[in-house]
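A.B. asks: Have a look at the structure that comes next, please.
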Amino acid sequence: MLSTPDYSHFTTKDYDKIYEPCEDTFLFLDALEKDIQFLNELKPEIVVEIGPGSGLVINFLAKHLKESKKILFMATDINKDACLATQKTSIKNNNDINILNCDLLSPLFDRLQNKIDVLLFNPPYVVTESDELGSKSLPAAWTGGKDGREVMDRVFPMLNNLLSEKGVFYLVALKQNKIEDIELALSNLGFKMEILMNRKAGIENLFILKFDRKINI
């Protein structure tokens, strides 16, 4: 069993500003551990996480991928406190993570075009009213708008231009996000979906979805 990154540096007050690691976070870690052999065989050069929150997920891969010192790890978050938290977690775990405070990957889009080998996203997936979107603080971690899809739906059209030819995309989703619709949307963009892991956590039915290109050229 692969160890979870150390996050003992966080206090209760920190979780007033950033998303506290919860069931979805640990399910994501379990899924990545399950897929670690695949990821090592992929030999990624660039690994990116959108919305790292506390930084556990990106630091998990930085900690456990072989030859991680040769890999460029990046994380972006619209919440400045989440960026600082991810930085603290990377320092605590002796990892080198490049962190940028921005909306999704907007300022990096041209620079990372077809270069991302592993893209990670635990999006704001909670079904809310659309007018609740737009926060740059803690609520940005969960407010997903209509069907909980409004933020993740912005990422999907970017995938063909962001992922490398061998690139893979990992996504956390709820049953209420309409998994079959997500699969169809990504299929129309040329990606096939695998349900890597599924777990019920209280009232939530969580999924870890994995996407790669239908045909690797």
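Going through the structure tokens in order, the chains are called A, B, and so on, while each chain numbers its residues from 1 and the ligands are numbered from 1 in the order shown.
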I'd like the neighbourhood of range 155-160 of chain A as number ranges by chain, where a residue qualifies if any of its atoms comes within 12 Å (using only C-alpha atoms), though same-chain residues fewer than 4 positions away should be ignored.
C.D. replies: A: 50-51, 103-106, 108-110, 112-123, 149-151, 164-171, 182-191, 211-214
A.B. asks: List every residue of range 55-138 of chain A that DSSP, applied to the backbone of this structure, places in strand (DSSP E or B), and write the result as a ChimeraX atom specification.
C.D. replies: /A:72-77,97-101,116-121,126
A.B. asks: Restricted to C-alpha atoms, what would the selected residues look like written as a CSV table (one decimal), in the first residue's frame?
C.D. replies:
```csv
chain,number,residue,atom,x,y,z
A,72,LEU,CA,7.5,18.4,-14.4
A,73,PHE,CA,4.6,18.5,-11.9
A,74,MET,CA,2.3,21.5,-12.1
A,75,ALA,CA,-0.9,22.5,-10.3
A,76,THR,CA,-3.3,25.4,-10.8
A,77,ASP,CA,-6.0,26.7,-8.5
A,97,ILE,CA,5.6,21.2,-7.7
A,98,ASN,CA,5.1,24.3,-9.9
A,99,ILE,CA,1.9,26.1,-8.7
A,100,LEU,CA,0.0,28.8,-10.4
A,101,ASN,CA,-3.0,30.8,-9.2
A,116,ILE,CA,0.3,17.0,-20.8
A,117,ASP,CA,0.8,13.3,-20.3
A,118,VAL,CA,-1.3,13.1,-17.1
A,119,LEU,CA,-4.1,15.5,-16.3
A,120,LEU,CA,-5.9,15.3,-12.9
A,121,PHE,CA,-9.1,17.0,-11.9
A,126,VAL,CA,-21.9,19.5,-6.4
```
A.B. asks: Identify which of the residues A:Gln37, A:Lys92, A:Gly53, A:Glu45 lies closest to Ile71 in chain A, counting only C-alpha atoms when measuring atom-to-atom distances.
C.D. replies: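 The answer is A:Glu45, which sits nearest to Ile71 in chain A.
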A.B. asks: Which residues are close to range 15-30 of chain A, i.e. within 8 Å by only C-alpha atoms, leaving aside same-chain residues fewer than 5 positions away? Reply as a list of chain:residue names.
C.D. replies: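 My reading of the contact set: A:Thr4, A:Phe10, A:Gly53, A:Ser54, A:Leu56, A:Val57, A:Phe60, A:Asn79, A:Asp81, A:Ala82, A:Ala85, A:Asn122, A:Ser137, A:Leu138, A:Ala141, A:Val172, A:Met197, A:Arg199, A:Ala201, A:Leu206, A:Ile208.
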A.B. asks: Just the residues within 10 Å of Glu41 in chain A, please, counting only C-alpha atoms, with nothing from its chain fewer than 5 positions along; format it as a list in words.
C.D. replies: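 My reading of the contact set: Ile36, Leu65 and Lys66 of chain A.
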A.B. asks: Write the residues you've just listed into a file as a PDB file, in the first residue's frame, and include C-alpha atoms for each of them.
C.D. replies:
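Wrote again_17.pdb, looks like this:
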```pdb
ATOM      1  CA  ILE A  36       0.369   3.253 -10.669  1.00  0.00           C
ATOM      2  CA  LEU A  65       5.998   7.791  -9.622  1.00  0.00           C
ATOM      3  CA  LYS A  66       9.330   6.317 -10.678  1.00  0.00           C
TER       4      LYS A  66
END
```
A.B. asks: Residues at most 10 Å from Asn94 in chain A, counting only C-alpha atoms, excluding those fewer than 3 positions away in the same chain, as a PDB file with C-alpha atoms, in the first residue's frame?
C.D. replies:
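That gives us around-v3.pdb:
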```
ATOM      1  CA  ASN A  59       2.017  15.192  -4.206  1.00  0.00           C
ATOM      2  CA  ALA A  62       5.261  13.185  -7.140  1.00  0.00           C
ATOM      3  CA  LYS A  63       6.036  10.890  -4.217  1.00  0.00           C
ATOM      4  CA  LYS A  88       3.231  23.817   1.871  1.00  0.00           C
ATOM      5  CA  THR A  89       2.340  20.174   1.197  1.00  0.00           C
ATOM      6  CA  SER A  90       5.022  19.895  -1.473  1.00  0.00           C
ATOM      7  CA  ILE A  91       7.637  21.341   0.902  1.00  0.00           C
ATOM      8  CA  ILE A  97       5.554  21.239  -7.653  1.00  0.00           C
TER       9      ILE A  97
END
```
A.B. asks: What's the separation between CA of Leu61 in chain A and CA of Leu42 in chain A, in Å to one decimal place?
C.D. replies: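 Separation of CA of Leu61 in chain A and CA of Leu42 in chain A: 13.0 Å.
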A.B. asks: May I ask which of the residues A:Lys146, A:Lys13, A:Lys43, A:His64 is the closest one to Asn177 in chain A, counting only C-alpha atoms?
C.D. replies: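 The answer is A:Lys146, which sits nearest to Asn177 in chain A.
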A.B. asks: Report, in Å with one decimal, the straight-line distance from CA of Glu129 in chain A to CA of Met152 in chain A.
C.D. replies: 15.2 Å
A.B. asks: Taking the backbone alone, and naming residues the way the document does, which bits of range 163-194 of chain A are helix (DSSP H, G or I) by DSSP, as a list in words?
C.D. replies: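 Helix (DSSP H, G or I) assignments inside range 163-194 of chain A correspond to Lys175, Gln176, Asn177, Ile179, Glu180, Asp181, Ile182, Glu183, Leu184, Ala185, Leu186 and Ser187 of chain A.
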